[in-house]
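start.pdb follows; it contains PDB, C-alpha atoms.
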ATOM      1  CA  GLY A 208     -60.221 132.406 179.494
ATOM      2  CA  ASN A 209     -61.416 133.769 182.855
ATOM      3  CA  GLY A 210     -60.612 131.455 185.780
ATOM      4  CA  PHE A 211     -63.106 133.159 188.110
ATOM      5  CA  VAL A 212     -65.962 132.677 185.654
ATOM      6  CA  THR A 213     -64.933 129.084 185.000
ATOM      7  CA  ARG A 214     -64.845 128.308 188.736
ATOM      8  CA  ALA A 215     -68.283 129.873 189.154
ATOM      9  CA  LEU A 216     -69.728 127.893 186.248
ATOM     10  CA  LEU A 217     -68.213 124.671 187.562
ATOM     11  CA  ALA A 218     -69.664 125.397 191.017
ATOM     12  CA  MET A 219     -73.067 125.851 189.357
ATOM     13  CA  GLY A 220     -72.766 122.403 187.783
ATOM     14  CA  MET A 221     -71.552 123.231 184.272
ATOM     15  CA  ASP A 222     -71.231 120.093 182.126
ATOM     16  CA  VAL A 223     -67.489 119.723 181.473
ATOM     17  CA  GLU A 224     -68.256 117.597 178.404
ATOM     18  CA  GLU A 225     -70.764 119.967 176.772
ATOM     19  CA  LEU A 226     -69.995 120.645 173.114
ATOM     20  CA  ASP A 227     -69.972 124.064 171.536
ATOM     21  CA  SER A 228     -71.271 124.745 168.015
ATOM     22  CA  SER A 229     -67.950 123.485 166.586
ATOM     23  CA  GLY A 230     -68.120 120.200 168.490
ATOM     24  CA  ARG A 231     -65.413 121.153 170.985
ATOM     25  CA  THR A 232     -65.435 120.540 174.710
ATOM     26  CA  PRO A 233     -64.453 123.246 177.209
ATOM     27  CA  LEU A 234     -61.142 121.415 177.745
ATOM     28  CA  VAL A 235     -60.303 121.556 174.030
ATOM     29  CA  ARG A 236     -61.211 125.254 173.928
ATOM     30  CA  ALA A 237     -59.055 125.964 176.988
ATOM     31  CA  ALA A 238     -56.117 124.092 175.428
ATOM     32  CA  MET A 239     -56.555 126.053 172.185
ATOM     33  CA  LYS A 240     -56.345 129.308 174.144
ATOM     34  CA  HIS A 241     -53.282 128.305 176.241
ATOM     35  CA  GLN A 242     -55.360 128.330 179.443
ATOM     36  CA  GLU A 243     -53.423 125.838 181.561
ATOM     37  CA  ALA A 244     -55.134 126.835 184.831
ATOM     38  CA  ILE A 245     -58.570 126.351 183.301
ATOM     39  CA  CYS A 246     -57.484 122.997 181.850
ATOM     40  CA  LYS A 247     -56.482 121.931 185.360
ATOM     41  CA  MET A 248     -59.845 123.025 186.778
ATOM     42  CA  LEU A 249     -61.750 121.142 184.092
ATOM     43  CA  LEU A 250     -59.678 117.995 184.593
ATOM     44  CA  GLU A 251     -60.256 118.169 188.351
ATOM     45  CA  LYS A 252     -63.987 118.195 187.586
ATOM     46  CA  GLY A 253     -63.710 115.070 185.442
ATOM     47  CA  ALA A 254     -63.234 116.356 181.898
ATOM     48  CA  SER A 255     -62.251 113.596 179.475
ATOM     49  CA  VAL A 256     -58.663 113.879 178.236
ATOM     50  CA  GLY A 257     -58.631 111.496 175.319
ATOM     51  CA  ALA A 258     -61.922 110.932 173.603
ATOM     52  CA  LEU A 259     -62.951 113.076 170.676
ATOM     53  CA  LYS A 260     -66.448 114.395 171.180
ATOM     54  CA  ALA A 261     -67.175 115.141 167.543
ATOM     55  CA  PHE A 262     -65.769 114.054 164.214
ATOM     56  CA  THR A 263     -64.294 117.483 163.539
ATOM     57  CA  SER A 264     -62.954 118.098 167.028
ATOM     58  CA  TRP A 265     -59.402 117.698 168.274
ATOM     59  CA  THR A 266     -58.239 116.354 171.576
ATOM     60  CA  PRO A 267     -56.911 118.882 174.082
ATOM     61  CA  LEU A 268     -53.392 117.527 173.476
ATOM     62  CA  ALA A 269     -53.630 118.032 169.715
ATOM     63  CA  SER A 270     -54.770 121.615 170.323
ATOM     64  CA  ALA A 271     -51.921 122.305 172.758
ATOM     65  CA  ALA A 272     -49.335 120.777 170.400
ATOM     66  CA  PHE A 273     -50.635 122.694 167.391
ATOM     67  CA  ASN A 274     -50.395 125.899 169.423
ATOM     68  CA  ASN A 275     -46.873 124.927 170.522
ATOM     69  CA  ASN A 276     -47.680 125.180 174.225
ATOM     70  CA  GLU A 277     -44.911 123.042 175.728
ATOM     71  CA  ALA A 278     -45.997 123.344 179.366
ATOM     72  CA  LEU A 279     -49.591 122.451 178.562
ATOM     73  CA  CYS A 280     -48.479 119.536 176.351
ATOM     74  CA  GLU A 281     -46.386 118.131 179.187
ATOM     75  CA  PHE A 282     -49.233 118.611 181.673
ATOM     76  CA  LEU A 283     -51.789 116.901 179.410
ATOM     77  CA  VAL A 284     -49.433 113.990 178.665
ATOM     78  CA  GLU A 285     -48.964 113.539 182.430
ATOM     79  CA  LYS A 286     -52.761 113.419 182.764
ATOM     80  CA  GLY A 287     -52.987 110.660 180.164
ATOM     81  CA  CYS A 288     -54.184 112.717 177.221
ATOM     82  CA  THR A 289     -53.569 111.309 173.741
ATOM     83  CA  LEU A 290     -53.669 112.757 170.230
ATOM     84  CA  CYS A 291     -56.399 110.435 168.884
ATOM     85  CA  LEU A 292     -56.393 112.154 165.504
ATOM     86  CA  ASN A 293     -58.070 110.334 162.644
ATOM     87  CA  THR A 294     -56.673 110.237 159.104
ATOM     88  CA  GLU A 295     -58.893 113.051 157.833
ATOM     89  CA  GLN A 296     -57.817 115.335 160.676
ATOM     90  CA  LYS A 297     -54.138 114.572 160.048
ATOM     91  CA  ASN A 298     -54.578 115.329 156.336
ATOM     92  CA  GLN A 299     -56.298 118.648 157.109
ATOM     93  CA  LEU A 300     -53.531 119.636 159.509
ATOM     94  CA  LYS A 301     -50.506 118.593 157.483
ATOM     95  CA  PRO A 302     -50.149 121.833 155.459
ATOM     96  CA  LYS A 303     -50.423 123.917 158.645
ATOM     97  CA  LEU A 304     -47.851 122.013 160.674
ATOM     98  CA  SER A 305     -44.669 123.252 158.993
ATOM     99  CA  ARG A 306     -44.569 126.570 160.833
ATOM    100  CA  ARG A 307     -45.445 124.841 164.091
ATOM    101  CA  ILE A 308     -42.649 122.273 163.822
ATOM    102  CA  HIS A 309     -40.136 125.035 163.065
ATOM    103  CA  ASP A 310     -41.363 127.057 166.058
ATOM    104  CA  ALA A 311     -41.017 124.027 168.330
ATOM    105  CA  ALA A 312     -37.476 123.348 167.071
ATOM    106  CA  GLN A 313     -36.433 127.009 167.475
ATOM    107  CA  ASN A 314     -37.768 127.199 171.008
ATOM    108  CA  GLY A 315     -36.597 123.815 172.274
ATOM    109  CA  HIS A 316     -40.139 122.524 172.816
ATOM    110  CA  LYS A 317     -39.350 118.827 172.602
ATOM    111  CA  THR A 318     -42.750 117.513 173.736
ATOM    112  CA  ALA A 319     -44.619 119.700 171.250
ATOM    113  CA  LEU A 320     -42.090 118.731 168.561
ATOM    114  CA  GLN A 321     -42.693 115.015 169.101
ATOM    115  CA  LEU A 322     -46.454 115.508 169.097
ATOM    116  CA  LEU A 323     -46.365 117.607 165.927
ATOM    117  CA  LEU A 324     -44.370 114.863 164.228
ATOM    118  CA  ASP A 325     -46.952 112.350 165.440
ATOM    119  CA  MET A 326     -49.629 114.600 163.918
ATOM    120  CA  GLY A 327     -47.978 114.263 160.510
ATOM    121  CA  ALA A 328     -45.657 117.264 160.214
ATOM    122  CA  ASP A 329     -43.178 116.951 157.344
ATOM    123  CA  ILE A 330     -39.883 116.608 159.185
ATOM    124  CA  ASN A 331     -37.817 117.877 156.234
ATOM    125  CA  GLU A 332     -40.045 120.690 154.959
ATOM    126  CA  LYS A 333     -38.296 124.022 154.570
ATOM    127  CA  ASN A 334     -39.746 127.205 155.998
ATOM    128  CA  PRO A 335     -39.907 130.462 153.962
ATOM    129  CA  HIS A 336     -36.274 131.100 154.971
ATOM    130  CA  GLY A 337     -35.164 127.810 153.441
ATOM    131  CA  LYS A 338     -34.484 126.071 156.757
ATOM    132  CA  THR A 339     -35.674 122.717 158.015
ATOM    133  CA  ALA A 340     -36.674 122.109 161.623
ATOM    134  CA  LEU A 341     -33.311 120.369 162.118
ATOM    135  CA  LEU A 342     -31.406 123.427 160.889
ATOM    136  CA  GLU A 343     -33.464 125.586 163.263
ATOM    137  CA  ALA A 344     -32.859 123.298 166.249
ATOM    138  CA  VAL A 345     -29.109 123.305 165.565
ATOM    139  CA  PHE A 346     -28.999 127.069 165.015
ATOM    140  CA  TYR A 347     -30.797 127.712 168.304
ATOM    141  CA  ASN A 348     -28.705 125.083 170.129
ATOM    142  CA  HIS A 349     -31.507 122.754 171.229
ATOM    143  CA  LEU A 350     -29.728 119.405 171.370
ATOM    144  CA  SER A 351     -32.767 117.550 172.714
ATOM    145  CA  CYS A 352     -34.758 118.635 169.646
ATOM    146  CA  VAL A 353     -31.868 117.782 167.323
ATOM    147  CA  LYS A 354     -31.749 114.264 168.772
ATOM    148  CA  ILE A 355     -35.513 113.834 168.355
ATOM    149  CA  LEU A 356     -35.412 115.035 164.758
ATOM    150  CA  ILE A 357     -32.473 112.805 163.816
ATOM    151  CA  LYS A 358     -34.078 109.800 165.521
ATOM    152  CA  ARG A 359     -37.347 110.483 163.690
ATOM    153  CA  GLY A 360     -35.594 110.601 160.305
ATOM    154  CA  ALA A 361     -34.649 114.223 159.625
ATOM    155  CA  ASP A 362     -32.262 114.529 156.698
ATOM    156  CA  ALA A 363     -29.079 116.156 158.001
ATOM    157  CA  THR A 364     -27.780 116.649 154.449
ATOM    158  CA  ILE A 365     -30.412 119.240 153.486
ATOM    159  CA  SER A 366     -28.890 122.709 153.211
ATOM    160  CA  ASP A 367     -30.647 126.015 153.741
ATOM    161  CA  HIS A 368     -31.351 128.626 151.046
ATOM    162  CA  ILE A 369     -27.733 129.861 151.048
ATOM    163  CA  GLY A 370     -26.155 126.415 151.077
ATOM    164  CA  GLY A 371     -25.511 126.223 154.801
ATOM    165  CA  SER A 372     -25.449 122.733 156.250
ATOM    166  CA  VAL A 373     -26.223 121.576 159.758
ATOM    167  CA  LEU A 374     -22.516 121.838 160.618
ATOM    168  CA  HIS A 375     -22.327 125.341 159.122
ATOM    169  CA  ARG A 376     -25.214 126.445 161.328
ATOM    170  CA  ALA A 377     -23.677 124.844 164.421
ATOM    171  CA  ALA A 378     -20.329 126.524 163.780
ATOM    172  CA  GLN A 379     -22.010 129.846 163.002
ATOM    173  CA  ARG A 380     -23.747 129.859 166.373
ATOM    174  CA  LEU A 381     -20.751 128.479 168.272
ATOM    175  CA  THR A 382     -22.903 125.756 169.742
ATOM    176  CA  ASP A 383     -21.706 123.808 172.732
ATOM    177  CA  ASP A 384     -19.254 120.923 172.524
ATOM    178  CA  GLU A 385     -21.961 118.337 173.154
ATOM    179  CA  MET A 386     -23.907 119.500 170.094
ATOM    180  CA  MET A 387     -20.829 119.472 167.861
ATOM    181  CA  LYS A 388     -19.819 116.037 169.132
ATOM    182  CA  PHE A 389     -23.317 114.689 168.427
ATOM    183  CA  LEU A 390     -23.404 116.169 164.925
ATOM    184  CA  LEU A 391     -19.980 114.803 164.041
ATOM    185  CA  GLU A 392     -20.819 111.261 165.139
TER     186      GLU A 392
END
Take the structure I supplied and represent it as structure tokens, if you would.
Amino acid sequence: GNGFVTRALLAMGMDVEELDSSGRTPLVRAAMKHQEAICKMLLEKGASVGALKAFTSWTPLASAAFNNNEALCEFLVEKGCTLCLNTEQKNQLKPKLSRRIHDAAQNGHKTALQLLLDMGADINEKNPHGKTALLEAVFYNHLSCVKILIKRGADATISDHIGGSVLHRAAQRLTDDEMMKFLLE
């Protein structure tokens, strides 16, 4: 994660596509560690944004989305990065995505949310507190995430562990008029 060391290695001709023992490129590793500046350096030196380098490896975008790094997700999408996950990778990830999708909804990370859904996250899975990602997005007043979740098929009729509906959560948090209007339509 050290930018100085990375710059020095790049100046010495480091191969930006070299795989580590896990089959990951430096760009994937940097994305996993939330190192946006290092990702930029590697991309400037020609690192590949989309191709998987090993069967078990993820793309940089999949790593950034899984780690719920909204800024890095947006940057990598701008650079043309894709998820490129195969079926086996999606199946391995699916049980781990629930917490990530809830985090994205709570924090208003719409790009990460969309990518996590693309990676196979269960849109209606409840977290340990009995809330779906939609309930979290409403509770934290993230209308953009609410719209994404509804458009992608979230079930607005699912209640939380104490019977609170989407409208209950919106009223509880005194969400803005735009949110209430959207939910009532």
Legend entry - Picked residues, the PyMOL selection byres ((chain A and resi 288) around 9), as a ChimeraX atom specification: /A:255-258,266-268,280,282-287,289-291
Inset, instruction - Tell me, as number ranges by chain, which residues lie within 9 Å of range 379-390 of chain A, counting all atoms listed in the file; anything in the same chain fewer than 5 positions away does not count. - result: A: 345-350, 353-354, 363, 373-374
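The interatomic distance for the pair CA of Ile245 in chain A and CA of Glu281 in chain A works out to 15.3 Å.
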Inset, instruction - Measure the distance from CA of Gly210 in chain A to CA of Glu277 in chain A in Å and round it to one decimal. - result: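 CA of Glu277 in chain A lies 20.5 Å from CA of Gly210 in chain A.
The gap separating CA of Ser229 in chain A from CA of His309 in chain A is 28.1 Å, in Å to one decimal.
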Legend entry - Minimum-distance residue to Met248 in chain A, chosen among A:Ile308, A:Ala340, A:Val223, A:Ala271 (using only C-alpha atoms):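 Under the stated criterion, the closest residue is A:Val223.
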Legend entry - Neighbour list for Asp325 in chain A as a PyMOL selection string, cut-off 10 Å, only C-alpha atoms, skip fewer than 5 positions in-chain: chain A and resi 269+290+292+297+319-320+359
Legend entry - A:Gln321, A:Gln299, A:Thr339, A:Asn274 ranked by distance to Arg376 in chain A, top pick (using all atoms listed in the file):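 Result for the nearest residue to Arg376 in chain A: A:Thr339.
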Legend entry - Residue contacts of Glu332 in chain A (12 Å, only C-alpha atoms) excluding same-chain residues fewer than 5 positions away, as a list of chain:residue names: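 The filter keeps A:Lys301, A:Pro302, A:Lys303, A:Leu304, A:Ser305, A:Arg306, A:Arg307, A:Ile308, A:His309, A:Leu324, A:Gly327, A:Gly337, A:Lys338, A:Thr339, A:Ala340, A:Leu341, A:Leu342, A:Glu343, A:Ala361, A:Asp362, A:Ile365, A:Ser366, A:Asp367.
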Inset, instruction - Step by step, work through what the PyMOL selection byres ((chain A and resi 241) around 12) selects in the shown file, and finish by giving those residues as an NGL selection string. - result: :A and (208-209 or 234-240 or 242-247 or 267-268 or 270-280 or 282-283)
Go ahead and write the selection's residues with C-alpha atoms as a compact mmCIF listing (two decimals), in the coordinates of the input.
# COMPACT_ATOMS: atom_id res chain seq x y z
CA GLY A 208 -60.22 132.41 179.49
CA ASN A 209 -61.42 133.77 182.86
CA LEU A 234 -61.14 121.42 177.74
CA VAL A 235 -60.30 121.56 174.03
CA ARG A 236 -61.21 125.25 173.93
CA ALA A 237 -59.06 125.96 176.99
CA ALA A 238 -56.12 124.09 175.43
CA MET A 239 -56.56 126.05 172.18
CA LYS A 240 -56.34 129.31 174.14
CA GLN A 242 -55.36 128.33 179.44
CA GLU A 243 -53.42 125.84 181.56
CA ALA A 244 -55.13 126.84 184.83
CA ILE A 245 -58.57 126.35 183.30
CA CYS A 246 -57.48 123.00 181.85
CA LYS A 247 -56.48 121.93 185.36
CA PRO A 267 -56.91 118.88 174.08
CA LEU A 268 -53.39 117.53 173.48
CA SER A 270 -54.77 121.62 170.32
CA ALA A 271 -51.92 122.30 172.76
CA ALA A 272 -49.34 120.78 170.40
CA PHE A 273 -50.64 122.69 167.39
CA ASN A 274 -50.40 125.90 169.42
CA ASN A 275 -46.87 124.93 170.52
CA ASN A 276 -47.68 125.18 174.22
CA GLU A 277 -44.91 123.04 175.73
CA ALA A 278 -46.00 123.34 179.37
CA LEU A 279 -49.59 122.45 178.56
CA CYS A 280 -48.48 119.54 176.35
CA PHE A 282 -49.23 118.61 181.67
CA LEU A 283 -51.79 116.90 179.41
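Among the candidates A:Cys352, A:Met326, A:Thr294, A:Ile357, the residue lying nearest to Glu392 in chain A is A:Ile357 (atoms considered: all atoms listed in the file).
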